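Heads up, work_28.cif below (mmCIF, C-alpha atoms (C1' of nucleotides)):
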data_work
#
loop_
_atom_site.group_PDB
_atom_site.id
_atom_site.type_symbol
_atom_site.label_atom_id
_atom_site.label_comp_id
_atom_site.auth_asym_id
_atom_site.auth_seq_id
_atom_site.Cartn_x
_atom_site.Cartn_y
_atom_site.Cartn_z
ATOM 1 C CA MET A 1 -8.885 -26.239 -27.484
ATOM 2 C CA THR A 2 -5.351 -25.201 -28.285
ATOM 3 C CA GLU A 3 -2.268 -24.989 -26.079
ATOM 4 C CA ASP A 4 -1.395 -21.678 -27.657
ATOM 5 C CA ILE A 5 -2.761 -19.286 -25.065
ATOM 6 C CA CYS A 6 -1.055 -16.182 -26.322
ATOM 7 C CA GLU A 7 -1.881 -15.643 -29.959
ATOM 8 C CA ARG A 8 0.122 -12.431 -30.249
ATOM 9 C CA ARG A 9 2.161 -12.177 -33.420
ATOM 10 C CA ILE A 10 5.879 -11.860 -32.863
ATOM 11 C CA ILE A 11 7.621 -9.865 -35.522
ATOM 12 C CA HIS A 12 11.224 -10.525 -34.524
ATOM 13 C CA GLU A 13 11.621 -13.915 -32.876
ATOM 14 C CA ASP A 14 15.411 -13.654 -33.047
ATOM 15 C CA ARG A 15 15.546 -10.330 -31.209
ATOM 16 C CA LEU A 16 13.219 -11.702 -28.566
ATOM 17 C CA GLU A 17 15.460 -14.712 -27.958
ATOM 18 C CA LYS A 18 18.530 -12.533 -27.803
ATOM 19 C CA ALA A 19 16.884 -10.201 -25.286
ATOM 20 C CA ARG A 20 15.609 -13.114 -23.218
ATOM 21 C CA THR A 21 18.941 -14.868 -22.901
ATOM 22 C CA MET A 22 20.766 -11.662 -22.100
ATOM 23 C CA LEU A 23 18.416 -10.232 -19.462
ATOM 24 C CA PRO A 24 19.197 -10.898 -15.789
ATOM 25 C CA ALA A 25 16.813 -12.800 -13.500
ATOM 26 C CA GLN A 26 13.457 -11.246 -12.736
ATOM 27 C CA GLU A 27 14.469 -10.806 -9.112
ATOM 28 C CA GLU A 28 17.508 -8.749 -10.044
ATOM 29 C CA ILE A 29 15.433 -6.605 -12.399
ATOM 30 C CA GLU A 30 12.954 -5.979 -9.596
ATOM 31 C CA ARG A 31 15.655 -4.901 -7.196
ATOM 32 C CA MET A 32 17.000 -2.485 -9.777
ATOM 33 C CA ALA A 33 13.517 -1.034 -10.261
ATOM 34 C CA ASP A 34 13.168 -0.740 -6.484
ATOM 35 C CA LEU A 35 16.427 1.180 -6.346
ATOM 36 C CA PHE A 36 15.190 3.627 -8.971
ATOM 37 C CA LYS A 37 11.855 3.800 -7.162
ATOM 38 C CA ALA A 38 13.671 4.838 -4.008
ATOM 39 C CA MET A 39 15.171 7.744 -5.958
ATOM 40 C CA ALA A 40 11.965 8.613 -7.811
ATOM 41 C CA ASP A 41 10.880 11.454 -5.557
ATOM 42 C CA PRO A 42 12.171 15.058 -5.512
ATOM 43 C CA GLY A 43 12.422 15.088 -1.733
ATOM 44 C CA ARG A 44 14.516 11.943 -1.648
ATOM 45 C CA VAL A 45 16.806 13.208 -4.428
ATOM 46 C CA GLN A 46 17.377 16.345 -2.348
ATOM 47 C CA ILE A 47 18.092 14.265 0.722
ATOM 48 C CA LEU A 48 20.635 12.129 -1.110
ATOM 49 C CA MET A 49 22.426 15.116 -2.598
ATOM 50 C CA ALA A 50 22.549 16.807 0.802
ATOM 51 C CA LEU A 51 23.900 13.646 2.437
ATOM 52 C CA ASP A 52 26.670 13.496 -0.142
ATOM 53 C CA VAL A 53 28.088 16.683 1.344
ATOM 54 C CA GLN A 54 27.663 15.926 5.046
ATOM 55 C CA GLU A 55 25.775 13.712 7.446
ATOM 56 C CA MET A 56 22.480 15.094 8.644
ATOM 57 C CA CYS A 57 19.795 14.154 11.159
ATOM 58 C CA VAL A 58 16.096 13.648 10.448
ATOM 59 C CA CYS A 59 15.341 17.011 11.989
ATOM 60 C CA ASP A 60 17.727 18.834 9.607
ATOM 61 C CA LEU A 61 16.364 16.966 6.621
ATOM 62 C CA ALA A 62 12.776 17.803 7.549
ATOM 63 C CA ALA A 63 13.721 21.489 7.730
ATOM 64 C CA LEU A 64 15.589 21.258 4.426
ATOM 65 C CA LEU A 65 12.588 19.812 2.625
ATOM 66 C CA GLY A 66 10.040 21.867 4.534
ATOM 67 C CA VAL A 67 8.066 18.817 5.633
ATOM 68 C CA SER A 68 7.172 17.318 9.000
ATOM 69 C CA GLU A 69 9.715 15.175 10.805
ATOM 70 C CA SER A 70 7.343 12.267 10.520
ATOM 71 C CA ALA A 71 7.251 12.630 6.759
ATOM 72 C CA ALA A 72 11.043 12.910 6.658
ATOM 73 C CA SER A 73 11.367 9.825 8.812
ATOM 74 C CA HIS A 74 9.115 7.874 6.452
ATOM 75 C CA GLN A 75 11.322 8.964 3.559
ATOM 76 C CA MET A 76 14.422 7.845 5.424
ATOM 77 C CA ARG A 77 12.885 4.465 6.054
ATOM 78 C CA ILE A 78 12.456 4.004 2.318
ATOM 79 C CA LEU A 79 16.063 5.001 1.695
ATOM 80 C CA ARG A 80 17.261 2.716 4.501
ATOM 81 C CA THR A 81 15.165 -0.233 3.354
ATOM 82 C CA MET A 82 16.486 0.162 -0.186
ATOM 83 C CA ASN A 83 20.050 0.329 1.141
ATOM 84 C CA LEU A 84 20.829 3.850 -0.010
ATOM 85 C CA VAL A 85 21.632 5.311 3.390
ATOM 86 C CA LYS A 86 22.757 4.152 6.808
ATOM 87 C CA ASN A 87 22.866 5.930 10.128
ATOM 88 C CA ARG A 88 24.936 6.359 13.247
ATOM 89 C CA ARG A 89 23.541 7.235 16.625
ATOM 90 C CA GLU A 90 25.022 9.958 18.776
ATOM 91 C CA GLY A 91 22.952 10.261 21.892
ATOM 92 C CA GLN A 92 19.380 10.940 20.864
ATOM 93 C CA VAL A 93 20.328 12.013 17.374
ATOM 94 C CA LEU A 94 20.603 9.708 14.358
ATOM 95 C CA TYR A 95 23.015 10.945 11.711
ATOM 96 C CA TYR A 96 22.313 9.657 8.232
ATOM 97 C CA ARG A 97 24.849 9.240 5.439
ATOM 98 C CA LEU A 98 25.041 7.506 2.057
ATOM 99 C CA VAL A 99 25.973 3.820 2.084
ATOM 100 C CA ASP A 100 28.432 4.023 -0.802
ATOM 101 C CA ASP A 101 29.371 5.928 -3.941
ATOM 102 C CA HIS A 102 26.860 4.193 -6.222
ATOM 103 C CA VAL A 103 24.132 6.512 -5.057
ATOM 104 C CA MET A 104 26.026 9.633 -6.068
ATOM 105 C CA GLN A 105 27.073 8.021 -9.340
ATOM 106 C CA LEU A 106 23.370 7.621 -10.125
ATOM 107 C CA VAL A 107 22.648 11.200 -9.094
ATOM 108 C CA ARG A 108 25.504 12.524 -11.226
ATOM 109 C CA VAL A 109 24.482 10.641 -14.362
ATOM 110 C CA ALA A 110 20.857 11.694 -13.871
ATOM 111 C CA ARG A 111 21.912 15.303 -13.512
ATOM 112 C CA ASP A 112 24.062 15.103 -16.644
ATOM 113 C CA HIS A 113 21.193 13.592 -18.575
ATOM 114 C CA VAL A 114 18.721 16.215 -17.424
ATOM 115 C CA SER A 115 21.114 19.076 -18.225
ATOM 116 C CA GLU A 116 21.784 17.681 -21.657
ATOM 117 C CA ILE A 117 18.120 17.193 -22.499
ATOM 118 C CA THR A 118 16.934 20.565 -21.217
ATOM 119 C CA GLY A 119 20.028 22.431 -22.382
ATOM 120 C CA GLU A 120 19.694 21.775 -26.091
ATOM 121 C CA MET B 121 1.227 37.136 16.284
ATOM 122 C CA THR B 122 4.690 36.129 15.273
ATOM 123 C CA GLU B 123 6.331 35.966 11.843
ATOM 124 C CA ASP B 124 7.863 32.648 12.764
ATOM 125 C CA ILE B 125 5.433 30.264 11.129
ATOM 126 C CA CYS B 126 7.545 27.152 11.413
ATOM 127 C CA GLU B 127 8.519 26.591 14.997
ATOM 128 C CA ARG B 128 10.504 23.420 14.265
ATOM 129 C CA ARG B 129 13.806 23.270 16.070
ATOM 130 C CA ILE B 130 16.819 23.133 13.819
ATOM 131 C CA ILE B 131 19.705 21.245 15.272
ATOM 132 C CA HIS B 132 22.363 22.073 12.684
ATOM 133 C CA GLU B 133 21.755 25.464 11.095
ATOM 134 C CA ASP B 134 25.178 25.408 9.428
ATOM 135 C CA ARG B 135 24.559 22.085 7.694
ATOM 136 C CA LEU B 136 21.196 23.316 6.502
ATOM 137 C CA GLU B 137 22.745 26.425 4.947
ATOM 138 C CA LYS B 138 25.452 24.391 3.297
ATOM 139 C CA ALA B 139 22.918 21.965 1.844
ATOM 140 C CA ARG B 140 20.656 24.801 0.671
ATOM 141 C CA THR B 141 23.370 26.691 -1.176
ATOM 142 C CA MET B 142 24.722 23.580 -2.800
ATOM 143 C CA LEU B 143 21.473 22.017 -4.012
ATOM 144 C CA PRO B 144 20.369 22.676 -7.613
ATOM 145 C CA ALA B 145 17.118 24.451 -8.451
ATOM 146 C CA GLN B 146 13.869 22.720 -7.564
ATOM 147 C CA GLU B 147 13.042 22.274 -11.226
ATOM 148 C CA GLU B 148 16.264 20.389 -11.891
ATOM 149 C CA ILE B 149 15.662 18.180 -8.855
ATOM 150 C CA GLU B 150 12.195 17.388 -10.151
ATOM 151 C CA ARG B 151 13.483 16.417 -13.569
ATOM 152 C CA MET B 152 16.001 14.092 -11.964
ATOM 153 C CA ALA B 153 13.240 12.496 -9.901
ATOM 154 C CA ASP B 154 11.155 12.133 -13.069
ATOM 155 C CA LEU B 155 14.046 10.368 -14.758
ATOM 156 C CA PHE B 156 14.333 7.894 -11.893
ATOM 157 C CA LYS B 157 10.555 7.544 -11.897
ATOM 158 C CA ALA B 158 10.704 6.550 -15.541
ATOM 159 C CA MET B 159 13.090 3.747 -14.592
ATOM 160 C CA ALA B 160 11.207 2.748 -11.432
ATOM 161 C CA ASP B 161 9.334 -0.170 -12.960
ATOM 162 C CA PRO B 162 10.624 -3.705 -13.644
ATOM 163 C CA GLY B 163 9.054 -3.758 -17.097
ATOM 164 C CA ARG B 164 10.698 -0.531 -18.134
ATOM 165 C CA VAL B 165 14.082 -1.646 -16.785
ATOM 166 C CA GLN B 166 13.755 -4.774 -18.908
ATOM 167 C CA ILE B 167 12.811 -2.708 -21.936
ATOM 168 C CA LEU B 168 15.801 -0.423 -21.504
ATOM 169 C CA MET B 169 18.229 -3.319 -21.089
ATOM 170 C CA ALA B 170 16.816 -5.039 -24.149
ATOM 171 C CA LEU B 171 17.068 -1.850 -26.198
ATOM 172 C CA ASP B 172 20.710 -1.517 -25.244
ATOM 173 C CA VAL B 173 21.414 -4.666 -27.260
ATOM 174 C CA GLN B 174 19.239 -3.981 -30.293
ATOM 175 C CA GLU B 175 16.335 -1.894 -31.493
ATOM 176 C CA MET B 176 12.937 -3.460 -30.992
ATOM 177 C CA CYS B 177 9.341 -2.679 -31.907
ATOM 178 C CA VAL B 178 6.409 -2.345 -29.509
ATOM 179 C CA CYS B 179 5.171 -5.749 -30.542
ATOM 180 C CA ASP B 180 8.487 -7.409 -29.598
ATOM 181 C CA LEU B 181 8.620 -5.574 -26.296
ATOM 182 C CA ALA B 182 5.067 -6.578 -25.414
ATOM 183 C CA ALA B 183 5.983 -10.212 -26.062
ATOM 184 C CA LEU B 184 9.184 -9.861 -24.043
ATOM 185 C CA LEU B 185 7.338 -8.520 -21.017
ATOM 186 C CA GLY B 186 4.289 -10.717 -21.497
ATOM 187 C CA VAL B 187 1.887 -7.785 -21.486
ATOM 188 C CA SER B 188 -0.587 -6.387 -24.003
ATOM 189 C CA GLU B 189 0.682 -4.160 -26.788
ATOM 190 C CA SER B 190 -1.409 -1.343 -25.422
ATOM 191 C CA ALA B 191 0.306 -1.634 -22.048
ATOM 192 C CA ALA B 192 3.708 -1.771 -23.768
ATOM 193 C CA SER B 193 2.826 1.297 -25.813
ATOM 194 C CA HIS B 194 1.882 3.182 -22.651
ATOM 195 C CA GLN B 195 5.255 2.242 -21.151
ATOM 196 C CA MET B 196 7.033 3.456 -24.267
ATOM 197 C CA ARG B 197 5.218 6.764 -24.059
ATOM 198 C CA ILE B 198 6.591 7.260 -20.560
ATOM 199 C CA LEU B 199 10.108 6.429 -21.716
ATOM 200 C CA ARG B 200 9.710 8.725 -24.750
ATOM 201 C CA THR B 201 8.291 11.601 -22.709
ATOM 202 C CA MET B 202 11.147 11.323 -20.226
ATOM 203 C CA ASN B 203 13.662 11.286 -23.094
ATOM 204 C CA LEU B 204 15.052 7.827 -22.471
ATOM 205 C CA VAL B 205 14.200 6.357 -25.872
ATOM 206 C CA LYS B 206 13.517 7.530 -29.407
ATOM 207 C CA ASN B 207 12.125 5.697 -32.394
ATOM 208 C CA ARG B 208 12.461 5.318 -36.115
ATOM 209 C CA ARG B 209 9.660 4.318 -38.446
ATOM 210 C CA GLU B 210 10.107 1.633 -41.065
ATOM 211 C CA GLY B 211 6.798 1.182 -42.831
ATOM 212 C CA GLN B 212 4.198 0.323 -40.205
ATOM 213 C CA VAL B 213 6.748 -0.617 -37.598
ATOM 214 C CA LEU B 214 8.319 1.738 -35.089
ATOM 215 C CA TYR B 215 11.748 0.674 -33.909
ATOM 216 C CA TYR B 216 12.729 1.966 -30.496
ATOM 217 C CA ARG B 217 16.253 2.561 -29.251
ATOM 218 C CA LEU B 218 17.947 4.348 -26.335
ATOM 219 C CA VAL B 219 18.568 8.078 -26.764
ATOM 220 C CA ASP B 220 22.118 8.046 -25.399
ATOM 221 C CA ASP B 221 24.522 6.237 -23.096
ATOM 222 C CA HIS B 222 23.327 7.855 -19.873
ATOM 223 C CA VAL B 223 20.482 5.403 -19.640
ATOM 224 C CA MET B 224 22.781 2.391 -19.677
ATOM 225 C CA GLN B 225 25.154 4.083 -17.274
ATOM 226 C CA LEU B 226 22.264 4.314 -14.830
ATOM 227 C CA VAL B 227 21.320 0.702 -15.438
ATOM 228 C CA ARG B 228 24.896 -0.470 -14.925
ATOM 229 C CA VAL B 229 25.401 1.409 -11.669
ATOM 230 C CA ALA B 230 22.044 0.188 -10.392
ATOM 231 C CA ARG B 231 22.981 -3.379 -11.250
ATOM 232 C CA ASP B 232 26.348 -3.040 -9.522
ATOM 233 C CA HIS B 233 24.663 -1.649 -6.441
ATOM 234 C CA VAL B 234 22.084 -4.395 -6.311
ATOM 235 C CA SER B 235 24.689 -7.123 -6.767
ATOM 236 C CA GLU B 236 26.852 -5.673 -4.049
ATOM 237 C CA ILE B 237 23.993 -5.344 -1.568
ATOM 238 C CA THR B 238 22.515 -8.784 -2.165
ATOM 239 C CA GLY B 239 25.865 -10.487 -2.618
ATOM 240 C CA GLU B 240 27.294 -9.862 0.822
ATOM 241 C "C1'" DT C 241 11.237 6.920 38.018
ATOM 242 C "C1'" DT C 242 9.274 10.717 35.472
ATOM 243 C "C1'" DA C 243 9.742 13.965 31.840
ATOM 244 C "C1'" DA C 244 11.569 15.579 27.583
ATOM 245 C "C1'" DT C 245 13.710 14.995 23.046
ATOM 246 C "C1'" DA C 246 14.572 12.515 18.599
ATOM 247 C "C1'" DT C 247 12.965 9.287 15.731
ATOM 248 C "C1'" DA C 248 9.997 5.382 14.121
ATOM 249 C "C1'" DT C 249 5.780 3.383 12.805
ATOM 250 C "C1'" DG C 250 0.764 2.116 11.876
ATOM 251 C "C1'" DA C 251 -3.604 3.587 10.028
ATOM 252 C "C1'" DA C 252 -6.165 6.586 7.154
ATOM 253 C "C1'" DC C 253 -6.679 9.447 3.359
ATOM 254 C "C1'" DA C 254 -5.521 11.818 -0.911
ATOM 255 C "C1'" DT C 255 -3.002 11.544 -5.067
ATOM 256 C "C1'" DA C 256 -0.298 9.038 -8.560
ATOM 257 C "C1'" DT C 257 0.511 5.147 -11.455
ATOM 258 C "C1'" DA C 258 -0.247 0.873 -14.408
ATOM 259 C "C1'" DT C 259 -3.261 -1.882 -16.828
ATOM 260 C "C1'" DT C 260 -7.374 -2.829 -19.524
ATOM 261 C "C1'" DC C 261 -10.687 -1.824 -22.923
ATOM 262 C "C1'" DA C 262 -12.371 0.829 -26.558
ATOM 263 C "C1'" DT C 263 -11.219 3.757 -30.018
ATOM 264 C "C1'" DA C 264 -8.138 6.621 -33.025
ATOM 265 C "C1'" DT C 265 -4.338 7.285 -36.212
ATOM 266 C "C1'" DA C 266 -0.923 5.974 -39.676
ATOM 267 C "C1'" DA C 267 1.006 3.093 -43.207
ATOM 268 C "C1'" DG C 268 0.568 -0.565 -46.669
ATOM 269 C "C1'" DG C 269 -1.854 -3.850 -49.498
ATOM 270 C "C1'" DA C 270 -6.026 -5.529 -52.162
ATOM 271 C "C1'" DT D 271 -11.317 3.075 -51.761
ATOM 272 C "C1'" DC D 272 -11.647 -0.512 -48.141
ATOM 273 C "C1'" DC D 273 -9.264 -3.595 -45.132
ATOM 274 C "C1'" DT D 274 -5.530 -4.996 -42.305
ATOM 275 C "C1'" DT D 275 -1.556 -4.199 -39.354
ATOM 276 C "C1'" DA D 276 1.193 -1.505 -35.916
ATOM 277 C "C1'" DT D 277 0.944 1.752 -32.642
ATOM 278 C "C1'" DA D 278 -1.110 5.571 -29.851
ATOM 279 C "C1'" DT D 279 -4.298 7.428 -26.684
ATOM 280 C "C1'" DG D 280 -8.371 8.487 -23.525
ATOM 281 C "C1'" DA D 281 -11.247 6.884 -19.844
ATOM 282 C "C1'" DA D 282 -11.950 3.838 -16.118
ATOM 283 C "C1'" DT D 283 -10.393 1.038 -12.522
ATOM 284 C "C1'" DA D 284 -7.266 -1.130 -9.316
ATOM 285 C "C1'" DT D 285 -3.091 -0.671 -6.893
ATOM 286 C "C1'" DA D 286 0.815 2.029 -5.074
ATOM 287 C "C1'" DT D 287 2.727 6.000 -2.871
ATOM 288 C "C1'" DG D 288 3.270 10.157 0.235
ATOM 289 C "C1'" DT D 289 1.608 12.807 3.914
ATOM 290 C "C1'" DT D 290 -0.713 13.503 8.241
ATOM 291 C "C1'" DC D 291 -2.013 12.310 12.765
ATOM 292 C "C1'" DA D 292 -1.649 9.564 16.692
ATOM 293 C "C1'" DT D 293 1.171 6.679 19.114
ATOM 294 C "C1'" DA D 294 5.369 3.931 20.215
ATOM 295 C "C1'" DT D 295 10.301 3.432 21.165
ATOM 296 C "C1'" DA D 296 14.924 4.957 22.576
ATOM 297 C "C1'" DT D 297 18.051 7.981 24.833
ATOM 298 C "C1'" DT D 298 19.138 11.454 28.152
ATOM 299 C "C1'" DA D 299 18.277 14.599 31.992
ATOM 300 C "C1'" DA D 300 15.988 15.729 36.264
#
Could I get this structure in the form of structure tokens?
Amino acid sequence: MTEDICERRIIHEDRLEKARTMLPAQEEIERMADLFKAMADPGRVQILMALDVQEMCVCDLAALLGVSESAASHQMRILRTMNLVKNRREGQVLYYRLVDDHVMQLVRVARDHVSEITGE
Amino acid sequence: MTEDICERRIIHEDRLEKARTMLPAQEEIERMADLFKAMADPGRVQILMALDVQEMCVCDLAALLGVSESAASHQMRILRTMNLVKNRREGQVLYYRLVDDHVMQLVRVARDHVSEITGE
DNA sequence: TTAATATATGAACATATATTCATATAAGGA
DNA sequence: TCCTTATATGAATATATGTTCATATATTAA
């Protein structure tokens, strides 16, 4: 029995090494994927773009998306957990806003990309 | 019977209007979400970062991720369909590369965000 | 304290997604 | 032409995700 478990041919060993040394830790990669995952839903993209303009409560966001407040709240939990938004309480109402400008930078680049691809 | 189907209270009518007029068309929103969806997987983030450095074939990418070539090919189809990568044939080998700089802009911002969040 | 409002959350279900396996296509060599 | 290599793709399955419904928590008013 051989030690060589994976018998896959590797065409470009050098490129593999280069990629391996240059890539960040698996944990960092996963967090980046999680960030994109948090933005990988039309409803959440809408929410983020709306929150760039003004703070809004769960109730407003539910109306904006045309979904139940429970559904909106679940969406906000994802965005909160992934550190895209934070909130501020004023009485019974929670006002959500974006945590920082990174979120809108991502939205802007995505929008540019989409326009460019579909435009030509 | 009333015309008012949705009896949800709306706390901030003005904010809703503002958000509605300012948001892009639903189709554009969906394409943006699709773009983020394409990047919402650790394997695909790795692939994109590797392709920023050099072109690579499916075989290399499969080895890099430690998955089957079939799985890697499926991933590449997603990235191709979403217009994140393109390829060039050289004999039997297909070399993949990024379509433009938007992809790396997204990766960079995501990485900055993640570092900032986890760092503090 | 009791009731009402705003939001959060857990469980369940329906849909979406990723991987595997088998097979198909495309190019090059014998 | 037949065989091999590199990649693509369809079907099936397992896991993940989003919504709904019921319920819980937090704040305010009565």
How would you write, as a PyMOL selection string, the residues chosen by the PyMOL selection byres ((chain B and resi 165-177) around 9) on this structure? (chain A and resi 11-12+15-16+18-20+22-24+26+29-30+32-33) or (chain B and resi 158-164+178-182+184-185+196+199+204-205+207+213-218+221+223-224+227)
Closest pair table for chain B residues within 8 Å of chain C, all atoms listed in the file, as JSON lines:
{"residue": "B:Ala191", "atom": "CA", "partner": "C:DT259", "partner_atom": "C1'", "distance": 6.3}
{"residue": "B:Gly211", "atom": "CA", "partner": "C:DA267", "partner_atom": "C1'", "distance": 6.1}
{"residue": "B:Gln212", "atom": "CA", "partner": "C:DA267", "partner_atom": "C1'", "distance": 5.2}
What separation in Å, quoted to one decimal, exists between CA of Glu148 (chain B) and CA of Glu116 (chain A)?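 These two atoms are separated by 11.5 Å.
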Mind listing as a list in words which residues of chain D are within 12 Å of chain A, counting all atoms listed in the file?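 The complete set of qualifying residues is DT275, DA276, DA286, DT287, DG288, DT289, DT290, DC291, DA292, DT293, DT295, DA296, DT297, DT298 and DA299 of chain D.
The space separating CA of Arg108 (chain A) from CA of Arg231 (chain B) comes to 16.1 Å.
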